[in-house]
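Shown next: entry-v4.txt, containing compact mmCIF, C-alpha atoms and all ligand atoms.
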```
# COMPACT_ATOMS: atom_id res chain seq x y z
CA MET G 21 128.53 95.25 81.07
CA GLU G 22 126.60 96.24 84.14
CA SER G 23 123.29 97.88 83.30
CA ARG G 24 123.27 101.60 84.05
CA GLU G 25 120.33 103.87 84.51
CA MET G 26 119.42 105.86 81.43
CA THR G 27 118.41 109.51 81.56
CA ILE G 28 115.67 110.84 79.30
CA THR G 29 118.27 112.81 77.33
CA GLU G 30 120.39 109.69 76.80
CA PHE G 31 117.29 107.83 75.71
CA MET G 32 116.45 110.48 73.12
CA ILE G 33 120.04 110.49 71.83
CA SER G 34 119.92 106.69 71.49
CA GLU G 35 116.69 107.02 69.48
CA GLN G 36 118.24 109.77 67.37
CA ARG G 37 121.21 107.50 66.52
CA ARG G 38 118.84 105.16 64.68
CA PHE G 39 118.39 107.85 62.07
CA PRO G 40 121.77 108.86 60.65
CA ALA G 41 120.21 111.84 58.84
CA ALA G 42 118.75 113.26 62.05
CA THR G 43 119.96 116.75 62.89
CA GLY G 44 119.35 116.51 66.61
CA GLU G 45 116.78 119.29 66.45
CA PHE G 46 113.94 117.00 67.46
CA THR G 47 115.97 115.74 70.42
CA ALA G 48 116.71 119.32 71.41
CA LEU G 49 113.03 120.22 71.19
CA LEU G 50 112.07 117.33 73.47
CA ASN G 51 114.71 118.55 75.89
CA TYR G 52 112.81 121.83 76.11
CA MET G 53 109.60 119.90 76.81
CA ARG G 54 111.42 118.05 79.59
CA LEU G 55 112.63 121.35 81.04
CA ALA G 56 109.15 122.92 80.89
CA CYS G 57 107.62 119.92 82.68
CA LYS G 58 110.34 120.00 85.33
CA ARG G 59 109.66 123.68 85.98
CA ILE G 60 105.91 123.09 86.23
CA SER G 61 106.48 120.09 88.50
CA TYR G 62 108.47 122.29 90.86
CA ILE G 63 105.72 124.93 91.11
CA VAL G 64 102.91 122.37 91.38
CA GLY G 65 104.90 120.68 94.15
CA ARG G 66 105.21 123.97 96.07
CA GLY G 67 101.42 124.53 95.94
CA SER G 68 100.28 127.20 98.36
CA LEU G 69 103.89 127.95 99.27
CA ALA G 70 104.35 129.32 95.75
CA GLY G 71 101.12 131.33 96.02
CA ALA G 72 99.98 129.53 92.90
CA LEU G 73 96.69 127.93 93.94
CA GLY G 74 93.20 129.26 93.25
CA ALA G 75 91.39 130.86 90.33
CA ALA G 76 93.02 133.49 88.15
CA GLY G 77 89.79 135.47 87.76
CA SER G 78 89.76 134.99 83.98
CA VAL G 79 88.13 132.69 81.41
CA ASN G 80 89.86 131.03 78.43
CA VAL G 81 88.68 130.91 74.80
CA GLN G 82 86.61 127.83 75.64
CA GLY G 83 84.71 129.53 78.43
CA GLU G 84 86.53 127.70 81.20
CA THR G 85 87.64 129.35 84.42
CA GLN G 86 91.40 129.73 84.36
CA MET G 87 93.31 128.76 87.48
CA LYS G 88 96.46 130.69 88.35
CA LEU G 89 98.49 127.60 87.61
CA ASP G 90 96.92 127.26 84.13
CA LEU G 91 98.46 130.62 83.28
CA VAL G 92 101.76 129.97 85.03
CA ALA G 93 102.15 126.61 83.25
CA ASN G 94 101.19 128.16 79.91
CA ASP G 95 103.80 130.84 80.37
CA ILE G 96 106.44 128.24 81.25
CA PHE G 97 105.70 126.26 78.08
CA LEU G 98 105.87 129.40 75.92
CA ARG G 99 109.02 130.87 77.52
CA THR G 100 110.86 127.53 77.56
CA SER G 101 110.02 126.62 73.93
CA GLU G 102 110.33 129.96 72.14
CA TYR G 103 114.00 130.52 72.92
CA GLY G 104 115.75 127.65 71.18
CA GLY G 105 115.06 128.33 67.50
CA LEU G 106 113.32 124.97 67.07
CA VAL G 107 109.65 125.95 66.99
CA ALA G 108 107.81 127.89 64.28
CA GLY G 109 104.75 128.50 66.48
CA MET G 110 102.58 127.01 69.20
CA VAL G 111 98.95 126.32 70.01
CA SER G 112 97.87 126.23 73.64
CA GLU G 113 94.61 125.46 75.37
CA GLU G 114 94.95 128.84 77.05
CA LEU G 115 95.40 130.97 73.88
CA ASP G 116 92.78 131.80 71.24
CA ASP G 117 95.23 132.01 68.34
CA PRO G 118 98.58 130.43 67.46
CA TYR G 119 101.43 131.89 69.48
CA GLN G 120 104.01 133.61 67.28
CA ILE G 121 107.70 133.41 68.18
CA PRO G 122 109.00 136.86 69.22
CA GLU G 123 111.11 138.69 66.64
CA GLU G 124 114.31 138.37 68.65
CA TYR G 125 114.37 134.56 68.37
CA PRO G 126 114.81 132.43 65.24
CA ARG G 127 111.94 130.19 64.18
CA GLY G 128 112.38 126.45 63.73
CA ARG G 129 110.61 123.78 61.72
CA TYR G 130 108.34 122.27 64.37
CA LEU G 131 104.90 123.14 65.66
CA LEU G 132 103.87 122.48 69.23
CA ALA G 133 100.35 122.01 70.55
CA PHE G 134 99.91 121.67 74.29
CA ASP G 135 97.62 121.59 77.27
CA PRO G 136 99.98 123.20 79.78
CA LEU G 137 98.04 122.01 82.83
CA ASP G 138 95.54 119.21 82.45
CA GLY G 139 93.01 118.56 85.20
CA SER G 140 93.64 121.93 86.79
CA SER G 141 90.42 121.69 88.82
CA ASN G 142 92.36 119.02 90.78
CA ILE G 143 95.00 121.49 91.91
CA ASP G 144 93.31 122.90 94.97
CA VAL G 145 92.48 119.43 96.31
CA ASN G 146 96.06 118.15 95.89
CA ALA G 147 95.13 115.48 93.32
CA PRO G 148 97.20 114.62 90.21
CA VAL G 149 97.50 117.08 87.33
CA GLY G 150 99.60 116.93 84.18
CA SER G 151 100.79 118.52 80.96
CA ILE G 152 100.18 117.17 77.44
CA PHE G 153 102.10 118.01 74.27
CA SER G 154 102.06 117.10 70.58
CA VAL G 155 104.84 117.77 68.05
CA LEU G 156 104.06 118.40 64.37
CA ARG G 157 106.22 119.41 61.43
CA ALA G 158 105.61 122.99 60.28
CA PRO G 159 104.23 122.50 56.75
CA ARG G 160 105.64 125.81 55.55
CA GLY G 161 109.01 125.52 57.27
CA THR G 162 110.08 128.49 59.33
CA GLU G 163 107.35 130.84 58.03
CA PRO G 164 105.19 132.31 60.82
CA PRO G 165 102.45 129.67 61.13
CA GLU G 166 98.74 130.23 60.57
CA ALA G 167 95.97 128.30 62.27
CA ASN G 168 95.61 126.10 59.16
CA ASP G 169 99.16 124.80 59.54
CA PHE G 170 98.19 123.13 62.82
CA LEU G 171 95.13 121.37 61.39
CA GLN G 172 96.95 118.11 60.64
CA PRO G 173 95.51 114.69 61.47
CA GLY G 174 96.96 112.91 64.51
CA THR G 175 98.75 110.44 62.24
CA SER G 176 101.08 113.33 61.29
CA GLN G 177 102.40 113.74 64.84
CA LEU G 178 106.16 113.22 65.12
CA GLY G 179 105.92 112.61 68.82
CA ALA G 180 103.65 113.10 71.79
CA GLY G 181 103.98 113.02 75.52
CA TYR G 182 102.59 113.95 78.86
CA ALA G 183 103.93 114.73 82.29
CA ILE G 184 102.04 113.61 85.37
CA TYR G 185 102.58 115.53 88.60
CA GLY G 186 101.50 113.01 91.21
CA PRO G 187 103.28 111.48 94.19
CA THR G 188 106.13 111.21 91.69
CA THR G 189 106.60 113.32 88.58
CA MET G 190 106.86 111.29 85.39
CA ILE G 191 107.15 111.98 81.68
CA VAL G 192 105.61 109.42 79.35
CA LEU G 193 106.71 109.76 75.76
CA THR G 194 106.33 108.26 72.31
CA LEU G 195 108.47 109.07 69.30
CA GLY G 196 106.51 106.55 67.22
CA ARG G 197 108.39 103.49 68.49
CA GLY G 198 106.63 102.41 71.65
CA VAL G 199 105.87 104.29 74.83
CA HIS G 200 108.42 104.95 77.54
CA GLY G 201 108.06 106.34 81.05
CA PHE G 202 110.65 108.37 82.96
CA THR G 203 110.54 109.23 86.66
CA LEU G 204 111.98 112.48 87.97
CA ASP G 205 114.78 111.86 90.45
CA ARG G 206 114.40 114.97 92.54
CA SER G 207 117.79 114.55 94.19
CA PHE G 208 119.65 115.51 91.03
CA GLY G 209 116.80 116.81 88.90
CA GLU G 210 116.80 114.37 85.98
CA PHE G 211 114.21 112.02 84.50
CA ILE G 212 115.31 108.36 84.55
CA LEU G 213 113.93 105.63 82.29
CA THR G 214 111.88 103.53 84.71
CA HIS G 215 109.05 102.22 82.50
CA PRO G 216 110.46 101.09 79.13
CA ASN G 217 108.03 99.77 76.51
CA LEU G 218 104.76 100.33 78.34
CA ARG G 219 101.99 98.04 77.06
CA ILE G 220 98.34 98.39 78.03
CA PRO G 221 97.27 95.16 79.76
CA ALA G 222 94.51 93.48 77.74
CA GLU G 223 92.72 92.13 80.79
CA GLY G 224 91.65 95.29 82.58
CA SER G 225 88.37 95.45 84.48
CA GLU G 226 88.15 99.18 85.23
CA PHE G 227 86.18 101.80 83.38
CA ALA G 228 86.15 105.57 83.84
CA ILE G 229 83.29 107.83 82.85
CA ASN G 230 81.63 110.90 84.36
CA ALA G 231 78.46 109.13 85.52
CA SER G 232 76.74 112.40 86.43
CA ASN G 233 76.13 112.81 82.67
CA GLU G 234 74.36 109.46 82.33
CA ARG G 235 71.04 111.01 81.32
CA PHE G 236 72.77 112.64 78.32
CA TRP G 237 74.54 109.51 77.02
CA GLU G 238 73.79 107.79 73.72
CA PRO G 239 72.40 104.22 73.87
CA PRO G 240 75.71 102.51 72.94
CA VAL G 241 77.43 104.10 75.94
CA ARG G 242 74.52 103.20 78.25
CA ARG G 243 74.73 99.67 76.95
CA TYR G 244 78.46 99.35 77.62
CA VAL G 245 78.22 100.81 81.13
CA SER G 246 75.14 98.80 82.11
CA GLU G 247 76.92 95.62 81.03
CA CYS G 248 79.90 96.54 83.21
CA LEU G 249 77.59 97.22 86.13
CA ALA G 250 75.83 93.89 85.68
CA GLY G 251 79.20 92.34 86.54
CA ARG G 252 79.60 88.61 86.96
CA ALA G 253 75.89 87.96 86.41
CA GLY G 254 75.76 89.88 83.10
CA VAL G 255 76.99 89.33 79.56
CA ARG G 256 80.54 90.33 80.54
CA ALA G 257 80.61 87.62 83.20
CA LYS G 258 83.03 89.53 85.39
CA ASP G 259 82.93 92.34 87.92
CA PHE G 260 84.22 95.82 87.05
CA ASN G 261 85.43 98.76 89.09
CA MET G 262 84.67 102.38 88.24
CA ARG G 263 87.30 105.15 88.36
CA TRP G 264 87.12 108.90 87.77
CA ILE G 265 90.01 111.28 88.49
CA ALA G 266 88.84 114.22 86.32
CA SER G 267 92.27 114.56 84.74
CA LEU G 268 92.85 113.00 81.31
CA VAL G 269 96.54 112.58 82.11
CA ALA G 270 95.84 110.63 85.30
CA GLU G 271 93.22 108.46 83.54
CA VAL G 272 95.55 107.60 80.64
CA HIS G 273 98.41 106.91 83.02
CA ARG G 274 96.30 104.46 85.01
CA ILE G 275 95.23 102.73 81.80
CA LEU G 276 98.86 102.36 80.63
CA ILE G 277 99.71 100.69 83.92
CA ARG G 278 96.54 98.73 84.70
CA GLY G 279 94.43 98.57 81.52
CA GLY G 280 90.72 99.32 81.18
CA LEU G 281 88.77 102.02 79.42
CA PHE G 282 88.30 105.79 79.65
CA MET G 283 85.37 107.60 78.01
CA TYR G 284 84.28 111.16 77.57
CA PRO G 285 81.67 110.29 74.94
CA LYS G 286 79.45 112.38 72.73
CA ASP G 287 76.36 113.34 74.72
CA THR G 288 73.29 115.53 74.41
CA LYS G 289 74.11 117.84 77.32
CA ASP G 290 75.25 120.65 75.03
CA PRO G 291 73.94 119.94 71.51
CA GLY G 292 76.34 122.45 69.97
CA ARG G 293 79.29 120.46 71.20
CA GLU G 294 80.62 117.17 69.82
CA GLY G 295 82.53 116.17 72.92
CA ARG G 296 84.44 117.54 75.87
CA LEU G 297 88.12 117.02 75.11
CA ARG G 298 90.14 118.95 72.55
CA LEU G 299 91.49 117.16 69.50
CA LEU G 300 94.84 118.88 68.88
CA TYR G 301 96.36 118.88 72.36
CA GLU G 302 94.39 116.27 74.32
CA ALA G 303 92.86 113.55 72.12
CA ASN G 304 95.57 113.34 69.43
CA PRO G 305 98.66 113.09 71.64
CA MET G 306 96.91 110.67 74.02
CA ALA G 307 95.64 108.60 71.07
CA MET G 308 99.18 108.30 69.70
CA ILE G 309 100.48 107.21 73.10
CA VAL G 310 97.67 104.72 73.65
CA GLU G 311 98.02 103.19 70.16
CA GLN G 312 101.78 102.95 70.57
CA ALA G 313 101.15 101.04 73.81
CA GLY G 314 98.94 98.52 71.99
CA GLY G 315 95.59 100.15 72.80
CA ALA G 316 93.06 102.08 70.72
CA ALA G 317 91.46 105.52 70.71
CA SER G 318 88.18 106.34 69.02
CA THR G 319 85.28 108.76 68.95
CA GLY G 320 83.09 105.64 69.19
CA ARG G 321 82.59 105.87 65.44
CA ALA G 322 86.03 106.70 64.03
CA ARG G 323 89.72 106.43 64.88
CA ILE G 324 90.88 109.62 66.60
CA LEU G 325 94.19 109.81 64.72
CA ASP G 326 92.41 109.83 61.34
CA LEU G 327 90.16 112.81 62.10
CA PRO G 328 90.80 115.85 59.90
CA PRO G 329 90.89 118.78 62.36
CA GLN G 330 88.54 121.65 61.54
CA ALA G 331 89.55 124.17 64.21
CA LEU G 332 92.35 124.74 66.72
CA HIS G 333 90.18 124.15 69.77
CA GLN G 334 87.85 121.56 68.25
CA ARG G 335 86.33 119.12 70.73
CA VAL G 336 85.79 115.44 70.05
CA PRO G 337 84.20 112.47 71.83
CA LEU G 338 86.98 110.29 73.23
CA VAL G 339 87.03 106.60 74.08
CA LEU G 340 90.44 105.11 74.77
CA GLY G 341 92.12 102.18 76.44
CA ALA G 342 92.53 98.45 75.96
CA ARG G 343 91.94 97.59 72.31
CA ALA G 344 89.23 94.98 72.85
CA GLU G 345 87.19 97.34 75.03
CA VAL G 346 87.41 100.20 72.51
CA GLU G 347 86.43 97.83 69.71
CA ARG G 348 83.45 96.68 71.74
CA ILE G 349 82.27 100.29 72.16
CA GLU G 350 82.75 100.90 68.42
CA ARG G 351 80.67 97.82 67.66
CA TYR G 352 77.91 99.06 69.96
CA HIS G 353 77.88 102.40 68.12
CA LEU G 354 77.75 100.66 64.76
CA GLU G 355 74.94 98.34 65.85
CA HIS G 356 73.04 101.33 67.20
CA ASP G 357 73.51 103.39 64.03
CA GLN G 358 72.30 100.41 61.97
CA GLY G 359 69.33 99.82 64.28
CA LEU G 360 70.64 96.42 65.33
CA ASP G 361 70.56 96.99 69.07
CA LYS G 362 66.77 96.75 69.51
CA ALA G 363 67.05 94.21 72.30
CA PHE G 364 69.08 96.64 74.30
CA GLN G 365 66.54 99.39 73.68
CA SER G 366 63.56 97.41 74.93
CA PRO G 367 61.53 99.22 77.61
CA LEU G 368 62.75 96.74 80.19
CA PHE G 369 66.35 97.63 79.49
CA LYS G 370 65.68 101.35 79.67
CA GLU G 371 65.00 101.00 83.36
CA ARG G 372 68.58 100.04 83.92
CA SER G 373 70.91 102.76 84.97
CA LEU G 374 73.91 103.20 87.18
CA PHE G 375 71.66 103.51 90.16
CA ILE G 376 68.50 101.63 89.18
CA GLN G 377 69.13 97.96 88.52
CA GLU G 378 66.51 95.45 87.46
MN MN H 1 93.06 119.18 79.74
MN MN H 2 94.49 122.57 80.80
```
Would you mind writing the file out in structure tokens?
Ligand code: MN
Ligand code: MN
Amino acid sequence: MESREMTITEFMISEQRRFPAATGEFTALLNYMRLACKRISYIVGRGSLAGALGAAGSVNVQGETQMKLDLVANDIFLRTSEYGGLVAGMVSEELDDPYQIPEEYPRGRYLLAFDPLDGSSNIDVNAPVGSIFSVLRAPRGTEPPEANDFLQPGTSQLGAGYAIYGPTTMIVLTLGRGVHGFTLDRSFGEFILTHPNLRIPAEGSEFAINASNERFWEPPVRRYVSECLAGRAGVRAKDFNMRWIASLVAEVHRILIRGGLFMYPKDTKDPGREGRLRLLYEANPMAMIVEQAGGAASTGRARILDLPPQALHQRVPLVLGARAEVERIERYHLEHDQGLDKAFQSPLFKERSLFIQE
């Protein structure tokens, strides 16, 4: 038989068929995610023509300036997901508390956590943005969910995905059996399976970190970065390139295609804060995707997916990418915590930085 292109809906049905007891509800839920991302893609693509650029003049629960598109995308996720009777409640980056399904709609058995627009500071400069979502089972069925119901470790996720709104719009998805990428065919408005079974290349030589925070980094992170910068002449014996797009979605997407490492590590910039990225709707879904693609995701000291969440908007340090690179960073943290990295901490070494080389 001639091979035919597979739509994202067909792909989800084919996955569903592997489980004879499946009700199709999960497939239907993912269809709503697909629709929400398509709607957001359309508005992002219209940019100024849709009057959607710029700041909204408000601040979210985390003290971040909300862009108009943050609120538009949040509304699209809520409106698209609440209708179908599949979701018991939702958590969004843009809402303090769990969103309750309006009385007029039935509640379902799933919980959604999402970042409706990731990297929204990129919007006004026409650089890639995305959406991230995580699907959990509602532990108390169709009861109205409380915050506690969402505090499940990442290993409990039933599925996770992101959309990237770049030169093309793609959805990248895992249902726990590999990672698959779908490209939006704008001519007829459907996502087509274009990147089956994405695997993170082991031999990447790119790393991404916000170097303006260097003075706040812990020694293990300084050590890793300085070794990359030393290039061919250093212990890594090869040259690296640095990347920074300021959108987690765009960074993860690059790593899935080209390998390498992304870090937003623990730092001392704001001592009250463990990290920058949020566990429930950024770190956990991306960690599931990266692990399913053969990579790893860590705080530097622990696997992301094993963390017991303490709060809806909890932040965590995040290191993700090719497995060997993540393991190297974890080893550097361990050696530091055990006081075994003295050589690295010699006064001579302290002079090394991104911009001051020996
Ligand atoms: Mn984000
Ligand atoms: Mn966001």
Choose the residue, out of G:Pro285, G:Pro305, G:Gly67, G:Gly320, that has the smallest atom-to-atom separation from Ala231 of chain G; count only C-alpha atoms. G:Pro285
Using Å and a single decimal, report how far atom CA of Ser101 of chain G sits from atom CA of Val145 of chain G.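 Rounded to one decimal, the two atoms are 29.3 Å apart.
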Could you give me, as a list of chain:residue names, the residues that sit within 8 Å of (112.3, 106.4, 72.8) in the file's coordinates, counting all atoms listed in the file?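 It turns out the residues near that spot are G:Phe31, G:Met32, G:Ser34, G:Glu35, G:Leu193, G:Thr194, G:Leu195, G:Arg197, G:Gly198, G:Val199, G:His200.
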I'd like the interatomic distance between atom CA of Thr47 of chain G and atom CA of Leu299 of chain G, to a tenth of an Å. 24.5 Å
Restricting the calculation to only C-alpha atoms and all ligand atoms, which member of G:Asn142, G:Ser232, G:Gln120, G:Gln330 is positioned closest to ligand MN 1 (chain H)? G:Asn142
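The spacing separating atom CA of Arg99 of chain G from atom CA of Ile121 of chain G amounts to 9.8 Å.
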Segment 288-290 of chain G surroundings by all atoms listed in the file, 8 Å radius, close-in-sequence under 4 positions cut, as a CSV table (one decimal) with C-alpha atoms, keeping the file's coordinate frame:
```
chain,number,residue,atom,x,y,z
G,233,ASN,CA,76.1,112.8,82.7
G,236,PHE,CA,72.8,112.6,78.3
G,237,TRP,CA,74.5,109.5,77.0
G,238,GLU,CA,73.8,107.8,73.7
```
Residues within 10 Å of ligand MN 1 (chain H), counting all atoms listed in the file, as number ranges by chain: G: 90, 113, 134-141, 149-152, 266-269, 296-298, 301-303
